[in-house]
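Structure file entry.cif (mmCIF, C-alpha atoms (C1' of nucleotides)) follows.
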data_upload
loop_
_atom_site.label_atom_id
_atom_site.label_comp_id
_atom_site.auth_asym_id
_atom_site.auth_seq_id
_atom_site.Cartn_x
_atom_site.Cartn_y
_atom_site.Cartn_z
CA MET A 1 0.00 0.00 0.00
CA SER A 2 1.32 3.26 -1.03
CA GLY A 3 1.52 4.55 2.44
CA TYR A 4 -0.20 4.94 5.67
CA GLY A 5 -0.39 7.83 8.01
CA GLY A 6 2.82 7.54 9.93
CA GLY A 7 5.51 9.81 8.68
CA MET A 8 5.49 9.58 4.95
CA GLN A 9 5.54 13.08 3.60
CA THR A 10 4.11 12.68 0.16
CA SER A 11 3.51 9.49 -1.70
CA THR A 12 5.56 8.85 -4.81
CA ARG A 13 2.39 8.84 -6.86
CA ASP A 14 1.45 12.29 -5.60
CA ARG A 15 4.88 13.67 -6.33
CA ILE A 16 4.62 12.38 -9.87
CA VAL A 17 1.23 13.99 -10.39
CA VAL A 18 2.32 17.33 -8.96
CA ALA A 19 5.54 17.42 -10.94
CA ALA A 20 3.77 16.45 -14.14
CA ALA A 21 1.14 19.12 -13.56
CA ARG A 22 3.70 21.88 -13.28
CA LEU A 23 5.73 20.68 -16.24
CA LEU A 24 2.64 20.35 -18.43
CA GLN A 25 1.59 23.85 -17.47
CA ARG A 26 4.94 25.26 -18.53
CA GLN A 27 5.95 23.14 -21.50
CA GLY A 28 2.81 21.50 -22.78
CA TYR A 29 2.19 17.82 -23.41
CA VAL A 30 4.56 17.11 -26.27
CA GLY A 31 7.30 19.23 -24.75
CA THR A 32 7.30 17.32 -21.48
CA GLY A 33 9.08 13.97 -21.33
CA ILE A 34 8.31 11.05 -19.05
CA LYS A 35 11.89 10.95 -17.87
CA GLN A 36 11.79 14.63 -17.05
CA ILE A 37 8.65 14.08 -15.01
CA ALA A 38 10.31 11.25 -13.12
CA GLN A 39 13.39 13.32 -12.42
CA GLU A 40 11.42 16.35 -11.24
CA ALA A 41 9.30 14.12 -9.01
CA GLN A 42 12.41 12.46 -7.55
CA ALA A 43 11.08 9.14 -8.74
CA THR A 44 12.44 6.59 -11.16
CA LEU A 45 11.02 5.66 -14.50
CA GLY A 46 9.99 2.30 -13.07
CA SER A 47 7.87 3.97 -10.42
CA VAL A 48 6.14 6.14 -12.97
CA TYR A 49 5.13 3.16 -15.08
CA HIS A 50 4.21 1.24 -11.96
CA PHE A 51 1.66 3.81 -10.87
CA PHE A 52 0.60 4.74 -14.40
CA PRO A 53 0.62 1.67 -16.63
CA GLY A 54 -1.14 3.79 -19.20
CA GLY A 55 2.11 5.64 -19.79
CA LYS A 56 2.56 9.30 -20.57
CA GLU A 57 -1.06 9.96 -21.43
CA ALA A 58 -2.30 8.48 -18.16
CA VAL A 59 0.13 10.64 -16.20
CA ALA A 60 -1.02 13.71 -18.11
CA VAL A 61 -4.69 12.97 -17.50
CA ALA A 62 -4.11 12.63 -13.76
CA ALA A 63 -1.96 15.76 -13.72
CA ILE A 64 -4.49 17.87 -15.59
CA ARG A 65 -7.27 16.68 -13.30
CA HIS A 66 -5.11 17.70 -10.35
CA SER A 67 -4.44 21.14 -11.79
CA THR A 68 -8.09 21.58 -12.61
CA GLU A 69 -9.24 20.99 -9.07
CA GLU A 70 -6.50 23.18 -7.67
CA PHE A 71 -7.46 26.02 -9.98
CA SER A 72 -11.16 25.56 -9.32
CA ALA A 73 -10.56 26.09 -5.63
CA LEU A 74 -8.63 29.27 -6.38
CA LEU A 75 -11.27 30.56 -8.75
CA GLY A 76 -14.03 29.83 -6.25
CA LYS A 77 -12.17 31.74 -3.55
CA ALA A 78 -11.68 34.76 -5.80
CA LEU A 79 -15.35 34.73 -6.77
CA ASP A 80 -16.43 34.58 -3.13
CA SER A 81 -14.11 37.40 -2.12
CA GLU A 82 -16.54 39.99 -3.50
CA ASP A 83 -20.29 40.24 -3.18
CA ASP A 84 -20.80 42.31 -6.29
CA PRO A 85 -20.55 40.01 -9.32
CA ALA A 86 -18.75 42.57 -11.45
CA GLU A 87 -16.17 43.09 -8.73
CA ALA A 88 -15.85 39.33 -8.33
CA VAL A 89 -15.02 38.89 -12.02
CA SER A 90 -12.48 41.66 -11.79
CA ALA A 91 -10.97 40.00 -8.72
CA CYS A 92 -10.49 36.79 -10.71
CA ALA A 93 -8.54 38.66 -13.36
CA ARG A 94 -6.38 40.32 -10.72
CA GLN A 95 -5.73 36.98 -9.08
CA LEU A 96 -4.59 35.48 -12.39
CA ALA A 97 -2.38 38.49 -13.04
CA ASP A 98 -0.73 38.23 -9.65
CA GLU A 99 0.11 34.56 -9.97
CA LEU A 100 1.34 34.96 -13.51
CA ARG A 101 3.68 37.79 -12.63
CA GLU A 102 5.01 36.00 -9.56
CA SER A 103 5.78 32.91 -11.61
CA GLY A 104 7.80 34.93 -14.09
CA TRP A 105 5.04 34.61 -16.71
CA THR A 106 5.54 30.88 -17.02
CA ASP A 107 2.69 29.28 -15.08
CA GLY A 108 -0.34 29.90 -17.24
CA CYS A 109 -3.56 28.03 -17.68
CA PRO A 110 -2.92 24.38 -16.86
CA VAL A 111 -5.06 23.02 -19.67
CA THR A 112 -4.71 25.33 -22.67
CA ALA A 113 -1.35 24.15 -23.92
CA ALA A 114 -2.06 20.46 -23.45
CA ALA A 115 -5.48 20.83 -25.02
CA LEU A 116 -4.21 22.54 -28.17
CA GLU A 117 -1.48 19.98 -28.73
CA THR A 118 -3.74 16.94 -28.54
CA LEU A 119 -6.64 18.21 -30.62
CA GLY A 120 -5.77 16.16 -33.66
CA SER A 121 -5.46 12.87 -31.84
CA ASP A 122 -8.38 11.31 -30.05
CA SER A 123 -6.72 11.12 -26.67
CA GLU A 124 -8.51 11.34 -23.36
CA ILE A 125 -6.66 14.56 -22.64
CA GLN A 126 -8.94 16.82 -24.59
CA GLN A 127 -11.93 15.37 -22.75
CA VAL A 128 -10.34 16.21 -19.41
CA CYS A 129 -9.59 19.72 -20.66
CA ALA A 130 -13.15 20.18 -21.86
CA ASP A 131 -14.39 19.10 -18.44
CA ALA A 132 -12.10 21.63 -16.80
CA LEU A 133 -13.36 24.54 -18.89
CA ARG A 134 -16.97 23.50 -18.32
CA GLY A 135 -16.36 23.30 -14.58
CA TRP A 136 -14.89 26.79 -14.39
CA GLU A 137 -17.77 28.11 -16.44
CA ARG A 138 -20.17 26.56 -13.96
CA LEU A 139 -18.40 28.22 -11.05
CA VAL A 140 -18.84 31.65 -12.63
CA ALA A 141 -22.42 30.92 -13.72
CA ASP A 142 -23.37 29.80 -10.20
CA LYS A 143 -21.98 33.00 -8.75
CA LEU A 144 -24.05 35.05 -11.18
CA LEU A 145 -27.16 32.99 -10.45
CA ARG A 146 -26.68 33.58 -6.75
CA CYS A 147 -26.58 37.28 -7.54
CA GLY A 148 -29.97 37.07 -9.19
CA PHE A 149 -29.02 36.92 -12.85
CA PRO A 150 -31.45 35.15 -15.20
CA ALA A 151 -30.25 31.68 -16.13
CA GLU A 152 -29.61 32.41 -19.79
CA SER A 153 -27.68 35.61 -19.12
CA ALA A 154 -25.62 33.92 -16.42
CA ARG A 155 -24.68 31.11 -18.79
CA GLU A 156 -23.65 33.41 -21.64
CA LEU A 157 -21.75 35.71 -19.33
CA ALA A 158 -19.92 32.83 -17.70
CA THR A 159 -18.82 31.50 -21.08
CA THR A 160 -17.58 34.92 -22.07
CA VAL A 161 -15.77 35.52 -18.81
CA VAL A 162 -13.91 32.22 -18.90
CA CYS A 163 -13.00 32.61 -22.58
CA ALA A 164 -11.80 36.18 -22.12
CA LEU A 165 -9.71 35.34 -19.07
CA GLU A 166 -8.18 32.39 -20.87
CA GLY A 167 -7.24 34.52 -23.86
CA ALA A 168 -6.03 37.36 -21.68
CA GLU A 169 -3.82 34.98 -19.75
CA VAL A 170 -2.14 33.80 -22.93
CA THR A 171 -1.73 37.37 -24.14
CA ALA A 172 -0.29 38.40 -20.80
CA GLN A 173 2.22 35.54 -20.93
CA VAL A 174 3.34 36.36 -24.44
CA ASN A 175 3.75 40.05 -23.64
CA ARG A 176 5.14 39.43 -20.17
CA SER A 177 2.72 42.02 -18.85
CA GLU A 178 -0.31 41.84 -16.62
CA GLU A 179 -2.05 44.58 -18.55
CA PRO A 180 -4.16 42.34 -20.80
CA LEU A 181 -5.58 40.57 -17.75
CA LEU A 182 -6.32 43.81 -15.93
CA VAL A 183 -7.92 45.39 -18.99
CA ALA A 184 -10.01 42.30 -19.66
CA GLY A 185 -11.07 42.23 -16.02
CA ARG A 186 -12.23 45.85 -16.19
CA GLN A 187 -14.16 45.34 -19.41
CA LEU A 188 -15.73 42.11 -18.20
CA ALA A 189 -16.88 43.90 -15.06
CA ARG A 190 -18.45 46.56 -17.25
CA LEU A 191 -20.18 43.86 -19.29
CA VAL A 192 -21.56 42.25 -16.15
CA ARG A 193 -22.81 45.59 -14.88
CA SER A 194 -24.58 46.21 -18.17
CA TYR A 195 -27.06 43.53 -17.12
CA GLU A 196 -27.98 44.82 -13.69
CA ILE A 197 -29.15 48.22 -14.79
CA MET B 20 12.90 21.28 -61.46
CA SER B 21 11.23 23.42 -58.93
CA GLY B 22 9.68 24.93 -61.96
CA TYR B 23 10.46 26.81 -65.00
CA GLY B 24 8.85 29.92 -66.23
CA GLY B 25 5.61 29.08 -67.86
CA GLY B 26 3.94 27.07 -65.19
CA MET B 27 5.82 27.65 -61.99
CA GLN B 28 3.22 27.29 -59.36
CA THR B 29 4.95 28.02 -56.09
CA SER B 30 8.58 28.25 -55.14
CA THR B 31 10.01 25.60 -52.88
CA ARG B 32 10.55 28.17 -50.20
CA ASP B 33 6.92 29.22 -50.27
CA ARG B 34 5.71 25.64 -50.12
CA ILE B 35 7.85 25.10 -47.02
CA VAL B 36 6.47 28.19 -45.32
CA VAL B 37 2.87 27.32 -46.12
CA ALA B 38 3.22 23.71 -45.03
CA ALA B 39 4.97 24.72 -41.83
CA ALA B 40 2.28 27.27 -41.10
CA ARG B 41 -0.50 24.73 -41.32
CA LEU B 42 1.37 22.12 -39.32
CA LEU B 43 2.27 24.59 -36.59
CA GLN B 44 -1.34 25.67 -36.39
CA ARG B 45 -2.50 22.10 -35.89
CA GLN B 46 0.26 20.51 -33.85
CA GLY B 47 2.21 23.32 -32.27
CA TYR B 48 5.94 23.94 -32.40
CA VAL B 49 7.29 20.98 -30.49
CA GLY B 50 4.82 18.59 -32.07
CA THR B 51 5.87 19.49 -35.60
CA GLY B 52 9.05 17.96 -36.98
CA ILE B 53 11.34 19.42 -39.61
CA LYS B 54 11.13 16.22 -41.61
CA GLN B 55 7.35 16.34 -41.51
CA ILE B 56 7.42 19.90 -42.79
CA ALA B 57 9.71 18.88 -45.65
CA GLN B 58 7.49 15.97 -46.57
CA GLU B 59 4.29 17.99 -46.45
CA ALA B 60 5.91 20.69 -48.57
CA GLN B 61 7.14 18.11 -51.08
CA ALA B 62 10.67 19.29 -50.44
CA THR B 63 13.71 17.53 -49.10
CA LEU B 64 15.44 18.17 -45.85
CA GLY B 65 18.35 19.69 -47.74
CA SER B 66 16.09 22.29 -49.31
CA VAL B 67 14.65 23.25 -45.96
CA TYR B 68 18.07 23.87 -44.46
CA HIS B 69 19.17 25.61 -47.63
CA PHE B 70 16.44 28.22 -47.40
CA PHE B 71 16.42 28.34 -43.62
CA PRO B 72 19.96 27.93 -42.28
CA GLY B 73 18.53 28.89 -38.92
CA GLY B 74 16.86 25.50 -38.70
CA LYS B 75 13.50 24.69 -37.21
CA GLU B 76 13.12 27.94 -35.34
CA ALA B 77 13.76 30.02 -38.47
CA VAL B 78 11.16 28.03 -40.39
CA ALA B 79 8.67 28.52 -37.59
CA VAL B 80 9.27 32.27 -37.43
CA ALA B 81 8.68 32.62 -41.17
CA ALA B 82 5.61 30.39 -40.99
CA ILE B 83 4.06 32.30 -38.09
CA ARG B 84 4.70 35.60 -39.86
CA HIS B 85 2.95 34.19 -42.91
CA SER B 86 -0.04 33.01 -40.89
CA THR B 87 -0.20 36.32 -39.10
CA GLU B 88 -0.49 38.33 -42.30
CA GLU B 89 -3.01 35.91 -43.74
CA PHE B 90 -5.15 36.17 -40.66
CA SER B 91 -4.82 39.94 -40.49
CA ALA B 92 -6.26 40.21 -43.99
CA LEU B 93 -9.17 38.01 -42.97
CA LEU B 94 -9.80 39.95 -39.79
CA GLY B 95 -9.69 43.24 -41.65
CA LYS B 96 -12.22 42.01 -44.16
CA ALA B 97 -14.58 40.86 -41.43
CA LEU B 98 -14.26 44.19 -39.64
CA ASP B 99 -15.01 46.12 -42.83
CA SER B 100 -18.03 43.99 -43.66
CA GLU B 101 -20.16 45.89 -41.16
CA ASP B 102 -20.42 49.60 -40.48
CA ASP B 103 -21.65 49.24 -36.93
CA PRO B 104 -18.66 48.38 -34.71
CA ALA B 105 -20.65 45.99 -32.53
CA GLU B 106 -21.86 44.12 -35.59
CA ALA B 107 -18.32 44.08 -36.93
CA VAL B 108 -16.99 42.39 -33.81
CA SER B 109 -19.79 39.87 -33.98
CA ALA B 110 -18.95 39.22 -37.62
CA CYS B 111 -15.36 38.41 -36.64
CA ALA B 112 -16.55 35.80 -34.20
CA ARG B 113 -18.84 34.24 -36.81
CA GLN B 114 -16.00 34.20 -39.29
CA LEU B 115 -13.76 32.35 -36.85
CA ALA B 116 -16.54 29.91 -36.04
CA ASP B 117 -17.16 29.13 -39.71
CA GLU B 118 -13.55 28.41 -40.48
CA LEU B 119 -13.07 26.35 -37.36
CA ARG B 120 -16.09 24.16 -38.11
CA GLU B 121 -15.11 23.71 -41.74
CA SER B 122 -11.62 22.59 -40.74
CA GLY B 123 -13.01 19.95 -38.42
CA TRP B 124 -12.02 22.01 -35.36
CA THR B 125 -8.32 21.63 -36.09
CA ASP B 126 -7.20 24.94 -37.59
CA GLY B 127 -7.25 27.32 -34.68
CA CYS B 128 -5.27 30.42 -33.92
CA PRO B 129 -1.95 30.19 -35.74
CA VAL B 130 0.09 31.62 -32.89
CA THR B 131 -1.41 30.45 -29.60
CA ALA B 132 0.00 26.94 -29.54
CA ALA B 133 3.47 27.93 -30.69
CA ALA B 134 3.53 30.84 -28.28
CA LEU B 135 2.63 28.77 -25.24
CA GLU B 136 5.21 26.12 -25.99
CA THR B 137 8.14 28.49 -26.35
CA LEU B 138 7.47 30.75 -23.38
CA GLY B 139 10.18 29.23 -21.25
CA SER B 140 12.91 29.51 -23.82
CA ASP B 141 14.05 32.87 -25.14
CA SER B 142 13.36 32.10 -28.78
CA GLU B 143 12.38 34.63 -31.39
CA ILE B 144 9.05 32.86 -31.74
CA GLN B 145 7.38 34.51 -28.80
CA GLN B 146 8.38 37.91 -30.15
CA VAL B 147 6.70 37.13 -33.48
CA CYS B 148 3.61 35.94 -31.64
CA ALA B 149 3.51 39.07 -29.54
CA ASP B 150 3.73 41.17 -32.70
CA ALA B 151 0.84 39.21 -34.19
CA LEU B 152 -1.44 39.81 -31.22
CA ARG B 153 -0.52 43.47 -31.12
CA GLY B 154 -1.25 43.79 -34.82
CA TRP B 155 -4.70 42.27 -34.52
CA GLU B 156 -5.42 44.50 -31.57
CA ARG B 157 -4.49 47.49 -33.69
CA LEU B 158 -6.85 46.42 -36.44
CA VAL B 159 -9.76 46.31 -34.03
CA ALA B 160 -8.76 49.53 -32.32
CA ASP B 161 -8.53 51.36 -35.64
CA LYS B 162 -12.00 50.21 -36.58
CA LEU B 163 -13.36 51.55 -33.30
CA LEU B 164 -11.47 54.82 -33.71
CA ARG B 165 -12.97 55.22 -37.18
CA CYS B 166 -16.39 54.76 -35.58
CA GLY B 167 -15.71 57.65 -33.24
CA PHE B 168 -14.68 55.88 -30.05
CA PRO B 169 -12.35 57.72 -27.69
CA ALA B 170 -8.79 56.50 -27.94
CA GLU B 171 -8.61 54.97 -24.50
CA SER B 172 -11.89 53.12 -24.84
CA ALA B 173 -10.94 51.84 -28.27
CA ARG B 174 -7.67 50.50 -26.94
CA GLU B 175 -9.18 48.70 -23.98
CA LEU B 176 -12.02 47.32 -26.06
CA ALA B 177 -9.65 46.06 -28.72
CA THR B 178 -7.55 44.24 -26.14
CA THR B 179 -10.64 42.62 -24.70
CA VAL B 180 -12.05 41.64 -28.07
CA VAL B 181 -8.85 39.97 -29.23
CA CYS B 182 -8.35 38.18 -25.90
CA ALA B 183 -11.93 36.96 -25.77
CA LEU B 184 -11.91 35.73 -29.35
CA GLU B 185 -8.63 33.95 -28.74
CA GLY B 186 -9.96 32.19 -25.65
CA ALA B 187 -13.27 31.42 -27.31
CA GLU B 188 -11.48 29.85 -30.25
CA VAL B 189 -9.57 27.50 -27.95
CA THR B 190 -12.74 26.65 -26.06
CA ALA B 191 -14.58 26.00 -29.29
CA GLN B 192 -11.81 23.68 -30.47
CA VAL B 193 -11.75 21.71 -27.25
CA ASN B 194 -15.54 21.34 -27.20
CA ARG B 195 -15.82 20.86 -30.94
CA SER B 196 -18.61 23.40 -30.98
CA GLU B 197 -18.94 26.89 -32.38
CA GLU B 198 -21.11 27.97 -29.48
CA PRO B 199 -18.34 29.59 -27.39
CA LEU B 200 -17.36 31.78 -30.33
CA LEU B 201 -20.94 32.80 -31.07
CA VAL B 202 -21.70 33.53 -27.43
CA ALA B 203 -18.51 35.54 -27.02
CA GLY B 204 -19.31 37.46 -30.20
CA ARG B 205 -22.75 38.37 -28.89
CA GLN B 206 -21.44 39.49 -25.51
CA LEU B 207 -18.58 41.45 -27.04
CA ALA B 208 -21.08 43.24 -29.28
CA ARG B 209 -23.09 44.11 -26.20
CA LEU B 210 -19.96 45.41 -24.51
CA VAL B 211 -19.14 47.59 -27.51
CA ARG B 212 -22.68 48.96 -27.58
CA SER B 213 -22.44 49.86 -23.90
CA TYR B 214 -20.05 52.64 -24.93
CA GLU B 215 -22.19 54.30 -27.58
CA ILE B 216 -25.00 55.07 -25.17
"C1'" DC C 6 33.60 24.36 -73.80
"C1'" DC C 7 34.12 24.73 -68.54
"C1'" DC C 8 33.14 26.56 -64.32
"C1'" DT C 9 30.16 28.34 -60.81
"C1'" DC C 10 26.72 28.20 -57.71
"C1'" DA C 11 21.98 27.91 -56.25
"C1'" DC C 12 19.45 24.06 -55.35
"C1'" DT C 13 18.16 19.16 -54.54
"C1'" DA C 14 18.97 14.64 -52.60
"C1'" DA C 15 19.97 11.34 -49.16
"C1'" DA C 16 22.89 9.17 -45.82
"C1'" DA C 17 24.36 9.47 -41.26
"C1'" DC C 18 25.30 11.73 -36.59
"C1'" DG C 19 24.42 11.92 -31.54
"C1'" DA C 20 20.71 12.74 -28.58
"C1'" DT C 21 16.44 11.88 -26.83
"C1'" DC C 22 11.79 10.00 -27.22
"C1'" DG C 23 8.20 6.59 -24.90
"C1'" DC C 24 8.35 2.24 -23.33
"C1'" DT C 25 9.78 -2.69 -21.88
"C1'" DC C 26 12.45 -5.60 -19.41
"C1'" DT C 27 14.96 -7.65 -15.60
"C1'" DA C 28 16.79 -7.21 -10.93
"C1'" DT C 29 16.61 -5.74 -6.41
"C1'" DT C 30 14.66 -4.09 -2.07
"C1'" DC C 31 11.72 -4.67 1.72
"C1'" DA C 32 7.57 -5.01 4.76
"C1'" DG C 33 4.05 -8.15 6.09
"C1'" DA C 34 1.40 -12.94 5.88
"C1'" DG C 35 1.87 -17.82 6.50
"C1'" DC D 2 12.05 -18.76 8.69
"C1'" DT D 3 9.96 -18.64 3.74
"C1'" DC D 4 7.13 -16.61 0.48
"C1'" DT D 5 4.65 -12.93 -1.74
"C1'" DG D 6 3.91 -8.86 -4.04
"C1'" DA D 7 4.13 -3.88 -4.12
"C1'" DA D 8 7.64 -0.56 -5.07
"C1'" DT D 9 12.13 1.01 -6.73
"C1'" DA D 10 16.10 1.04 -9.78
"C1'" DG D 11 18.16 1.33 -14.13
"C1'" DA D 12 19.81 -0.84 -18.42
"C1'" DG D 13 18.32 -1.20 -22.95
"C1'" DC D 14 14.84 -1.38 -26.98
"C1'" DG D 15 13.54 0.64 -31.62
"C1'" DA D 16 12.10 4.89 -33.33
"C1'" DT D 17 12.44 9.58 -34.18
"C1'" DC D 18 14.32 14.08 -33.07
"C1'" DG D 19 17.12 18.34 -35.20
"C1'" DT D 20 21.13 18.81 -37.54
"C1'" DT D 21 25.38 18.08 -40.36
"C1'" DT D 22 27.71 16.28 -44.11
"C1'" DT D 23 28.63 14.86 -48.63
"C1'" DA D 24 27.27 14.10 -53.28
"C1'" DG D 25 24.76 15.21 -57.27
"C1'" DT D 26 21.99 18.15 -60.48
"C1'" DG D 27 21.34 21.58 -63.94
"C1'" DA D 28 20.85 26.36 -65.72
"C1'" DG D 29 23.77 30.63 -66.89
"C1'" DG D 30 28.20 33.41 -67.68
"C1'" DG D 31 33.07 33.37 -69.19
#
Using the file provided, produce a representation of the structure as structure tokens.
Amino acid sequence: MSGYGGGMQTSTRDRIVVAAARLLQRQGYVGTGIKQIAQEAQATLGSVYHFFPGGKEAVAVAAIRHSTEEFSALLGKALDSEDDPAEAVSACARQLADELRESGWTDGCPVTAAALETLGSDSEIQQVCADALRGWERLVADKLLRCGFPAESARELATTVVCALEGAEVTAQVNRSEEPLLVAGRQLARLVRSYEI
Amino acid sequence: MSGYGGGMQTSTRDRIVVAAARLLQRQGYVGTGIKQIAQEAQATLGSVYHFFPGGKEAVAVAAIRHSTEEFSALLGKALDSEDDPAEAVSACARQLADELRESGWTDGCPVTAAALETLGSDSEIQQVCADALRGWERLVADKLLRCGFPAESARELATTVVCALEGAEVTAQVNRSEEPLLVAGRQLARLVRSYEI
DNA sequence: CCCTCACTAAAACGATCGCTCTATTCAGAG
DNA sequence: CTCTGAATAGAGCGATCGTTTTAGTGAGGG
């Protein structure tokens, strides 16, 4: 059994997932090697294939799921930090900008790169990425619903917010500037306010 | 052989650039091999390195520049197809959705994938991608300026439009649905209209 | 004619890819 | 104790990566 309570810090499996998640976020799926994942996780290749007989794709799926949940928690916290929905959306953008700057513009959206690279193939990865985007959309939509928005407006706004933040994150990374995220956050807040006249 | 006068269709160099552009768009930078580019372009490896002594990166830079100009022309046409700026933005989204569907959801933004993969390194690629995004932003901003928007508003709106369309395109690809692009187009149009009270 | 040189062609280089294989270690069940 | 099986360790597989190298082709100027 991988471990019991006692003193084990982190299981080898967990280290592999965490390391893979960060590498995928920074270098994409094709750009990240299994051996590199093993090295970063302080594990051996044998351990990786022991825990993930499915190979590289299985590791990536687990890693993306991990990143997705982690980011969902962060997004939920940012959304709850403000009562006003427009302010909440703006807070999300600021949060993304802060993390991006602190990481040296390297740690972007954990699913975009991997998703784009595996579009042609029919791997499970794109399904996991689609689930991630849908989940984030739901988080935003729920916030808007709680604020009294009609269902249809909340849905459309949530789609737009997630798409715009995703694109702004990429633009911010490429330009090594948080401005795109801050601008998008401002404009998205204005869009949200245009509904609650 | 590459052709003689009368019927020369395309130069070898051009075929390489065009083939590389399409492959980069579909598989990203790391996922596209030099040999694959040569094969797709009906050229040999020797020809590729003859025209691009800089190797893979030089080919990619030329290809991304080519894609950028091609897409700029398309974007400009879509923007000019409507007088009303809000309708123009919406037309851009529809245009992207049409092309994406017709390509089987494979031909997305020609710079996003390559940009994300080369963020860590200090290659010239990210610079070319940054130029592309800035150029598209300028196209949108100029349209808004021509419609009488104040400079600052036009700039912020243009940033938001380009970011949102970029993110919506990725989302549409992952979900194999044009809905994200159409929704984003609608909401962006609403945002634009919120300025011309 | 020959020579030049842009261009094409293909073999081969070392490195790395994802993955398989065989040992080895070690805690717990009998 | 022996035996088992999860977990670790790393050598090695064929394939492919980007690149270099060498040879060959053919049109144009002297």
Applied to the shown file, which residues does the PyMOL selection byres ((chain B) within 7 of (chain A)) return, written as a CSV table (one decimal) with C-alpha atoms, in the frame of the given file?
chain,number,residue,atom,x,y,z
B,46,GLN,CA,0.3,20.5,-33.8
B,47,GLY,CA,2.2,23.3,-32.3
B,49,VAL,CA,7.3,21.0,-30.5
B,50,GLY,CA,4.8,18.6,-32.1
B,125,THR,CA,-8.3,21.6,-36.1
B,132,ALA,CA,0.0,26.9,-29.5
B,134,ALA,CA,3.5,30.8,-28.3
B,135,LEU,CA,2.6,28.8,-25.2
B,136,GLU,CA,5.2,26.1,-26.0
B,138,LEU,CA,7.5,30.8,-23.4
B,139,GLY,CA,10.2,29.2,-21.2
B,145,GLN,CA,7.4,34.5,-28.8
B,149,ALA,CA,3.5,39.1,-29.5
B,175,GLU,CA,-9.2,48.7,-24.0
B,178,THR,CA,-7.6,44.2,-26.1
B,179,THR,CA,-10.6,42.6,-24.7
B,182,CYS,CA,-8.4,38.2,-25.9
B,183,ALA,CA,-11.9,37.0,-25.8
B,185,GLU,CA,-8.6,34.0,-28.7
B,186,GLY,CA,-10.0,32.2,-25.6
B,187,ALA,CA,-13.3,31.4,-27.3
B,190,THR,CA,-12.7,26.6,-26.1
B,193,VAL,CA,-11.8,21.7,-27.2
B,194,ASN,CA,-15.5,21.3,-27.2
B,199,PRO,CA,-18.3,29.6,-27.4
B,202,VAL,CA,-21.7,33.5,-27.4
B,203,ALA,CA,-18.5,35.5,-27.0
B,206,GLN,CA,-21.4,39.5,-25.5
B,210,LEU,CA,-20.0,45.4,-24.5
Exercise. How would you write, as a list in words, the residues chosen by the PyMOL selection byres ((chain C) within 9 of (chain A)) on this structure?
Worked result: DC22, DG23 and DC24 of chain C
Draw an axis-aligned box tight on the listed atoms of stretch 106-110 of chain A, then pad every side by 3 Å and write out centre and edge lengths in Å to one decimal as AutoDock Vina command-line options.
--center_x 1.0 --center_y 27.6 --center_z -16.4 --size_x 15.1 --size_y 12.5 --size_z 8.6
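Selecting by distance to (23.1, 24.3, -56.5) with a limit of 10 Å and using all atoms listed in the file, one obtains His69 of chain B; DT9, DC10, DA11, DC12 and DT13 of chain C; DG25, DT26, DG27 and DA28 of chain D.
Taking atom CA of B:Ser86 and atom CA of B:Pro129 as endpoints, the distance between them is 6.2 Å.
The result of the PyMOL selection byres ((chain A) within 12 of (chain D)) on the shown file is Met1, Ser2, Gly3, Ser11, Thr12, Arg13, Gln42, Ala43, Thr44, Leu45, Gly46, Ser47, Val48, Tyr49, His50 and Phe51 of chain A.
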Exercise. Once the least-squares fit of chain A onto chain B is done over all Cα atoms matched in order, how many Å of RMSD are left?
Worked result: 1.3 Å
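Residue nearest B:Leu93 within the list B:Ala110, B:Cys166, B:Ala60, B:Val37: B:Ala110 [criterion: smallest interatomic distance, all atoms listed in the file].
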Exercise. Which residues, written as a ChimeraX atom specification, have at least one atom at most 10 Å from B:Ala107, with only C-alpha atoms (C1' of nucleotides) counted and residues fewer than 3 positions away on the same chain left out?
Worked result: /B:94-104,110-113,159,162-163,204,208
Exercise. Can you tell me how far atom CA of A:Ser177 sits from atom CA of A:Arg101, in Å to one decimal?
Worked result: 7.6 Å
Seminar exercise, completed: Correct to one decimal, the distance atom CA of A:Ala62-atom CA of A:Arg15 is 11.7 Å
